Each structure stands twice: as structure tokens, then as C-alpha cells.
$ cat query15.cif   # mmCIF, C-alpha atoms and all ligand atoms
data_final
loop_
_atom_site.label_atom_id
_atom_site.label_comp_id
_atom_site.auth_asym_id
_atom_site.auth_seq_id
_atom_site.Cartn_x
_atom_site.Cartn_y
_atom_site.Cartn_z
CA MET A 1021 13.26 3.35 -15.74
CA THR A 1022 11.43 3.59 -12.43
CA THR A 1023 12.22 6.50 -10.15
CA ILE A 1024 11.75 5.99 -6.42
CA THR A 1025 10.75 9.11 -4.48
CA LEU A 1026 10.06 9.72 -0.80
CA VAL A 1027 7.55 12.14 0.65
CA ARG A 1028 6.71 12.85 4.24
CA GLY A 1029 2.96 13.29 4.44
CA ASP A 1030 -0.51 11.89 4.07
CA ILE A 1031 -1.07 9.35 1.30
CA THR A 1032 -4.65 10.55 0.78
CA GLU A 1033 -3.32 13.92 -0.40
CA GLN A 1034 -1.18 12.53 -3.22
CA SER A 1035 -1.89 13.19 -6.90
CA VAL A 1036 -0.91 9.92 -8.56
CA ASP A 1037 -2.52 7.34 -10.82
CA ALA A 1038 -2.78 4.76 -8.04
CA ILE A 1039 -2.73 4.96 -4.25
CA VAL A 1040 -1.96 1.74 -2.41
CA ASN A 1041 -4.03 0.90 0.66
CA ALA A 1042 -2.63 -1.21 3.50
CA ALA A 1043 -5.98 -2.95 3.76
CA ASN A 1044 -7.10 -5.88 5.84
CA SER A 1045 -8.40 -9.05 4.33
CA SER A 1046 -12.07 -8.15 4.84
CA LEU A 1047 -11.71 -5.21 2.41
CA LEU A 1048 -14.33 -3.48 4.53
CA GLY A 1049 -12.11 -0.80 6.00
CA GLY A 1050 -10.11 -0.46 9.19
CA GLY A 1051 -7.77 1.90 11.01
CA GLY A 1052 -4.58 3.64 9.93
CA VAL A 1053 -4.12 4.26 6.20
CA ASP A 1054 -7.21 2.19 5.42
CA GLY A 1055 -9.48 4.39 7.53
CA ALA A 1056 -7.95 7.57 6.10
CA ILE A 1057 -8.43 6.41 2.49
CA HIS A 1058 -12.08 5.48 3.00
CA ARG A 1059 -12.81 8.67 4.95
CA ARG A 1060 -11.32 10.96 2.37
CA GLY A 1061 -12.19 8.92 -0.72
CA GLY A 1062 -15.86 8.60 0.17
CA PRO A 1063 -18.33 5.71 -0.10
CA ALA A 1064 -17.59 4.71 -3.72
CA ILE A 1065 -14.44 2.86 -2.61
CA LEU A 1066 -16.29 0.77 -0.04
CA ALA A 1067 -19.04 0.06 -2.57
CA ASP A 1068 -16.42 -1.34 -4.98
CA CYS A 1069 -14.80 -3.34 -2.18
CA ARG A 1070 -18.16 -4.91 -1.31
CA LYS A 1071 -18.66 -5.92 -4.95
CA LEU A 1072 -15.21 -7.51 -5.02
CA ARG A 1073 -16.01 -9.43 -1.86
CA ALA A 1074 -19.24 -10.70 -3.36
CA SER A 1075 -17.71 -11.66 -6.71
CA HIS A 1076 -14.21 -12.95 -5.86
CA TYR A 1077 -13.18 -12.66 -2.24
CA GLY A 1078 -15.95 -14.10 -0.11
CA LYS A 1079 -13.28 -15.42 2.25
CA GLY A 1080 -11.36 -12.15 2.10
CA LEU A 1081 -8.38 -10.99 0.06
CA PRO A 1082 -5.45 -13.28 0.90
CA THR A 1083 -2.35 -11.78 2.51
CA GLY A 1084 0.20 -10.67 -0.10
CA GLN A 1085 -2.35 -10.18 -2.89
CA ALA A 1086 -3.61 -6.91 -4.39
CA VAL A 1087 -6.77 -5.71 -6.09
CA ALA A 1088 -7.91 -2.36 -7.50
CA THR A 1089 -11.02 -0.23 -7.01
CA THR A 1090 -12.05 3.28 -7.92
CA ALA A 1091 -10.34 6.02 -5.92
CA GLY A 1092 -13.63 7.84 -5.31
CA GLU A 1093 -12.97 11.46 -4.43
CA LEU A 1094 -9.21 11.04 -4.03
CA ASP A 1095 -6.93 12.73 -6.56
CA ALA A 1096 -6.06 9.39 -8.15
CA ARG A 1097 -7.64 7.02 -10.63
CA TRP A 1098 -7.40 3.86 -8.57
CA VAL A 1099 -6.86 2.56 -5.07
CA ILE A 1100 -4.91 -0.70 -5.03
CA HIS A 1101 -5.76 -2.63 -1.88
CA THR A 1102 -3.17 -5.06 -0.58
CA VAL A 1103 -3.10 -7.06 2.63
CA GLY A 1104 0.20 -7.00 4.48
CA PRO A 1105 1.23 -9.75 6.87
CA VAL A 1106 0.96 -9.22 10.62
CA HIS A 1107 4.51 -9.20 12.01
CA SER A 1108 5.56 -12.37 13.81
CA GLN A 1109 8.51 -12.88 16.18
CA SER A 1110 8.66 -16.59 15.40
CA LEU A 1111 7.82 -16.80 11.68
CA ASP A 1112 9.57 -15.03 8.81
CA ARG A 1113 6.74 -13.45 6.84
CA SER A 1114 8.92 -11.13 4.77
CA ALA A 1115 8.09 -12.96 1.51
CA LEU A 1116 4.44 -12.01 2.02
CA LEU A 1117 5.36 -8.38 2.61
CA ALA A 1118 7.50 -8.38 -0.55
CA SER A 1119 4.55 -9.92 -2.40
CA CYS A 1120 2.36 -6.93 -1.46
CA TYR A 1121 4.72 -4.57 -3.30
CA ARG A 1122 5.20 -6.89 -6.28
CA GLU A 1123 1.50 -7.64 -6.68
CA SER A 1124 0.54 -3.97 -6.32
CA LEU A 1125 2.97 -3.10 -9.11
CA ARG A 1126 1.61 -5.94 -11.24
CA VAL A 1127 -1.93 -4.61 -10.80
CA ALA A 1128 -0.67 -1.08 -11.55
CA ASP A 1129 0.86 -2.34 -14.80
CA GLU A 1130 -2.40 -4.06 -15.74
CA LEU A 1131 -4.25 -0.79 -15.17
CA GLY A 1132 -1.69 1.26 -17.06
CA ALA A 1133 -0.77 3.35 -14.01
CA ARG A 1134 2.43 5.36 -14.40
CA THR A 1135 2.66 6.80 -10.90
CA ILE A 1136 1.92 4.98 -7.66
CA ALA A 1137 2.06 5.91 -3.98
CA PHE A 1138 2.78 3.33 -1.28
CA PRO A 1139 2.47 3.65 2.49
CA ALA A 1140 4.78 1.66 4.78
CA ILE A 1141 2.71 -1.53 4.50
CA SER A 1142 2.46 -3.56 7.73
CA ALA A 1143 4.51 -1.01 9.70
CA GLY A 1144 1.55 0.32 11.70
CA ILE A 1145 -1.17 -1.74 13.34
CA TYR A 1146 0.40 -4.92 11.88
CA GLY A 1147 3.51 -4.33 13.96
CA TRP A 1148 6.39 -4.60 11.48
CA PRO A 1149 9.65 -2.94 12.66
CA MET A 1150 10.10 0.14 10.46
CA ASP A 1151 13.68 -0.61 9.38
CA ASP A 1152 12.78 -4.11 8.21
CA ALA A 1153 9.61 -2.87 6.51
CA ALA A 1154 11.58 -0.16 4.72
CA ARG A 1155 14.31 -2.56 3.59
CA ILE A 1156 11.81 -5.08 2.17
CA ALA A 1157 9.81 -2.30 0.48
CA MET A 1158 12.85 -0.76 -1.17
CA GLU A 1159 14.52 -4.05 -2.18
CA THR A 1160 11.32 -5.39 -3.70
CA VAL A 1161 10.49 -2.28 -5.70
CA ARG A 1162 14.07 -2.12 -7.01
CA ALA A 1163 13.93 -5.78 -8.07
CA THR A 1164 10.51 -5.64 -9.76
CA GLU A 1165 10.11 -5.08 -13.49
CA THR A 1166 7.36 -2.58 -14.06
CA LYS A 1167 6.21 0.10 -16.46
CA VAL A 1168 5.45 2.38 -13.52
CA GLU A 1169 7.60 5.49 -13.87
CA GLU A 1170 7.39 6.82 -10.33
CA VAL A 1171 7.09 4.81 -7.13
CA ARG A 1172 6.46 7.26 -4.32
CA PHE A 1173 6.73 6.14 -0.72
CA VAL A 1174 4.57 8.35 1.48
CA LEU A 1175 5.73 8.26 5.09
CA PHE A 1176 3.51 9.60 7.79
CA ASP A 1177 6.08 10.67 10.35
CA GLU A 1178 9.68 11.83 10.50
CA ARG A 1179 11.02 8.55 11.87
CA ALA A 1180 9.46 6.53 9.05
CA TYR A 1181 10.71 9.05 6.51
CA GLU A 1182 14.27 8.92 7.87
CA THR A 1183 14.22 5.10 7.93
CA PHE A 1184 13.16 4.92 4.27
CA ALA A 1185 15.66 7.63 3.33
CA ALA A 1186 18.47 5.59 4.89
CA GLN A 1187 17.40 2.60 2.76
CA LEU A 1188 17.31 4.70 -0.39
CA ARG A 1189 20.88 5.91 0.11
P1 LIG A 1201 -0.84 -1.96 8.68
O1 LIG A 1201 -2.13 -2.47 9.27
O2 LIG A 1201 -0.50 -2.62 7.35
O3 LIG A 1201 0.29 -1.98 9.65
P2 LIG A 1201 -1.36 0.90 9.10
O4 LIG A 1201 -2.31 1.72 8.33
O5 LIG A 1201 -1.66 0.63 10.52
O6 LIG A 1201 -1.16 -0.46 8.24
O7 LIG A 1201 0.07 1.58 9.05
C1 LIG A 1201 0.99 1.52 7.98
C2 LIG A 1201 1.85 2.77 8.02
O8 LIG A 1201 1.12 3.86 7.46
C3 LIG A 1201 2.26 3.23 9.42
O9 LIG A 1201 3.62 3.63 9.36
C4 LIG A 1201 1.36 4.44 9.69
O10 LIG A 1201 1.98 5.40 10.53
C5 LIG A 1201 1.20 5.01 8.30
N1 LIG A 1201 0.01 5.85 8.05
C6 LIG A 1201 -1.12 5.97 8.78
N2 LIG A 1201 -1.96 6.85 8.20
C7 LIG A 1201 -1.35 7.30 7.06
C8 LIG A 1201 -1.68 8.22 6.02
N3 LIG A 1201 -2.84 8.88 6.03
N4 LIG A 1201 -0.78 8.41 5.02
C9 LIG A 1201 0.39 7.74 4.98
N5 LIG A 1201 0.76 6.86 5.92
C10 LIG A 1201 -0.08 6.65 6.96
#
$ encode --input "query15.cif" --output "C-alpha cells"
Amino acid sequence: MTTITLVRGDITEQSVDAIVNAANSSLLGGGGVDGAIHRRGGPAILADCRKLRASHYGKGLPTGQAVATTAGELDARWVIHTVGPVHSQSLDRSALLASCYRESLRVADELGARTIAFPAISAGIYGWPMDDAARIAMETVRATETKVEEVRFVLFDERAYETFAAQLR
């Protein structure tokens, strides 16, 4: 049984087994959640990301995939980096956004994580409308078989929180 919980707050302050990063394909850091995770987690996360780039992802982590690193100084064991799709008016990229949640949970299962925190992937710099992002996030987590016991969505502002809460109801 997986319990879905919602928290309004900062994902870098969560105590969970795995924190999901809305990364970009370079894995070398960026703005939004990505910047916050690297700032607060310290240089060990970037060092792991660089190793992953050198060993497996020379061309970058493809959109919709997920990969884990140390969580550095965060109160978590792992950061799972996933690359959300940039929102498009003309193309339906929702399958890629769903893949981010599914693949992150698959990686969490491989690691043995029991609690995981997700941000609203693609709903910031990548431009996804919050209601659509929330619907895809919630539908995908509900439909995914996982050993994770708690999936916590961490929403940064009241509007995002209310949008996810409406989807949960
Ligand atoms: P993307 O590039 O995938 O759109 P962003 O990091 O720009 O990712 O934004 C994703 C969502 O995360 C946005 O709703 C943004 O407001 C939110 N966000 C930004 N910083 C944090 C944080 N520290 N904790 C939780 N959510 C955050």
C-alpha cells in the first residue's frame, strides 16, 4: 500500500529516503528545485552527477529517465534526478512527464527506498500548467506498482498545493 501525502514547503527540508530532483539533461545543475538541491546538499551531489555523465550520460540524461546519486548533506539517502519535458503547445508530451514519475519510483524500488518526495516536475521553468502537471503526477503515482510506502508531493506555493490537493480528492 502506497500512501500519497501533500506538503507545502521546500523539498530540500524533507526527511525521506529519496528526494526527486527536477533536473535538466546536463545533470550539472540549474535553477528552481535543481539549484536548491545542489545548494543545500553540497558539492557531493554534483561530483556524483559528473561521474554519471562521464560513465553513462555523455549526451545527457534523456527526458523521462531517472538516475540516483548521493544526497550529500540533505536529510535523505539519495537524490533521484529526472528530466521532465519542456511544455509544448503543439505536442502532447504528457507520456514523458508520466515516465519521470514511473522511472523515479522504479529507481526508488531498486534502491530500497520506502519514502520519496517529489516536486511538481516540469511545472516551473519548463512551463507545464500546474493543473495538468498535478493530474499527470497523481494519476501516474496511483497507477504505478511500487514498494515505496509514502509518496510525498512537496509543493512550493499555496497555488500548487491547492491544485495537487484538488487532484487528490
Ligand atoms: P522544471 O524545470 O522541471 O519546471 P522547476 O524547478 O523550475 O522545474 O520547478 C518545478 C516546481 O518546483 C515549480 O512548481 C517550482 O515552484 C517548485 N520549486 C522550486 N523550488 C522548490 C523547492 N525548493 N522545493 C519544492 N518545490 C520547489
$ closest_residue --input "query15.cif" --among "A:Glu1165, A:Asp1152, A:Gly1144, A:Arg1113" --to "ligand LIG 1201 (chain A)" --atoms "all atoms listed in the file"
A:Gly1144
$ residues_near_ligand --input "query15.cif" --ligand "ligand LIG 1201 (chain A)" --cutoff "9 Å" --atoms "only C-alpha atoms and all ligand atoms" --output "PDB file with C-alpha atoms, in the coordinates of the input"
ATOM      1  CA  ARG A1028       6.710  12.850   4.240  1.00  0.00           C
ATOM      2  CA  GLY A1029       2.960  13.290   4.440  1.00  0.00           C
ATOM      3  CA  ASP A1030      -0.510  11.890   4.070  1.00  0.00           C
ATOM      4  CA  ILE A1031      -1.070   9.350   1.300  1.00  0.00           C
ATOM      5  CA  THR A1032      -4.650  10.550   0.780  1.00  0.00           C
ATOM      6  CA  GLU A1033      -3.320  13.920  -0.400  1.00  0.00           C
ATOM      7  CA  ASN A1041      -4.030   0.900   0.660  1.00  0.00           C
ATOM      8  CA  ALA A1042      -2.630  -1.210   3.500  1.00  0.00           C
ATOM      9  CA  ALA A1043      -5.980  -2.950   3.760  1.00  0.00           C
ATOM     10  CA  ASN A1044      -7.100  -5.880   5.840  1.00  0.00           C
ATOM     11  CA  GLY A1050     -10.110  -0.460   9.190  1.00  0.00           C
ATOM     12  CA  GLY A1051      -7.770   1.900  11.010  1.00  0.00           C
ATOM     13  CA  GLY A1052      -4.580   3.640   9.930  1.00  0.00           C
ATOM     14  CA  VAL A1053      -4.120   4.260   6.200  1.00  0.00           C
ATOM     15  CA  ASP A1054      -7.210   2.190   5.420  1.00  0.00           C
ATOM     16  CA  GLY A1055      -9.480   4.390   7.530  1.00  0.00           C
ATOM     17  CA  ALA A1056      -7.950   7.570   6.100  1.00  0.00           C
ATOM     18  CA  ILE A1057      -8.430   6.410   2.490  1.00  0.00           C
ATOM     19  CA  THR A1102      -3.170  -5.060  -0.580  1.00  0.00           C
ATOM     20  CA  VAL A1103      -3.100  -7.060   2.630  1.00  0.00           C
ATOM     21  CA  GLY A1104       0.200  -7.000   4.480  1.00  0.00           C
ATOM     22  CA  PRO A1105       1.230  -9.750   6.870  1.00  0.00           C
ATOM     23  CA  VAL A1106       0.960  -9.220  10.620  1.00  0.00           C
ATOM     24  CA  HIS A1107       4.510  -9.200  12.010  1.00  0.00           C
ATOM     25  CA  PHE A1138       2.780   3.330  -1.280  1.00  0.00           C
ATOM     26  CA  PRO A1139       2.470   3.650   2.490  1.00  0.00           C
ATOM     27  CA  ALA A1140       4.780   1.660   4.780  1.00  0.00           C
ATOM     28  CA  ILE A1141       2.710  -1.530   4.500  1.00  0.00           C
ATOM     29  CA  SER A1142       2.460  -3.560   7.730  1.00  0.00           C
ATOM     30  CA  ALA A1143       4.510  -1.010   9.700  1.00  0.00           C
ATOM     31  CA  GLY A1144       1.550   0.320  11.700  1.00  0.00           C
ATOM     32  CA  ILE A1145      -1.170  -1.740  13.340  1.00  0.00           C
ATOM     33  CA  TYR A1146       0.400  -4.920  11.880  1.00  0.00           C
ATOM     34  CA  GLY A1147       3.510  -4.330  13.960  1.00  0.00           C
ATOM     35  CA  TRP A1148       6.390  -4.600  11.480  1.00  0.00           C
ATOM     36  CA  MET A1150      10.100   0.140  10.460  1.00  0.00           C
ATOM     37  CA  PHE A1173       6.730   6.140  -0.720  1.00  0.00           C
ATOM     38  CA  VAL A1174       4.570   8.350   1.480  1.00  0.00           C
ATOM     39  CA  LEU A1175       5.730   8.260   5.090  1.00  0.00           C
ATOM     40  CA  PHE A1176       3.510   9.600   7.790  1.00  0.00           C
ATOM     41  CA  ASP A1177       6.080  10.670  10.350  1.00  0.00           C
ATOM     42  CA  ALA A1180       9.460   6.530   9.050  1.00  0.00           C
TER      43      ALA A1180
END
$ residues_around --input "query15.cif" --residues "Gln1187 of chain A" --least-positions-apart "3" --cutoff "9 Å" --atoms "only C-alpha atoms" --output "number ranges by chain"
A: 1151, 1154-1155, 1158-1159, 1182-1184
$ residues_near_point --input "query15.cif" --point "(-20.0, -5.0, 5.9)" --cutoff "10 Å" --atoms "all atoms listed in the file" --output "list in words"
Ser1046, Leu1047, Leu1048, Gly1049, Leu1066, Ala1067, Cys1069, Arg1070 and Arg1073 of chain A
$ closest_residue --input "query15.cif" --among "A:Ala1128, A:Arg1122, A:Ile1136, A:Ile1100" --to "Arg1162 of chain A" --atoms "all atoms listed in the file"
A:Arg1122
$ residues_around --input "query15.cif" --residues "Thr1090 of chain A" --least-positions-apart "2" --cutoff "10 Å" --atoms "only C-alpha atoms" --output "ChimeraX atom specification"
/A:1038,1061,1064-1069,1088,1092-1094,1096-1100
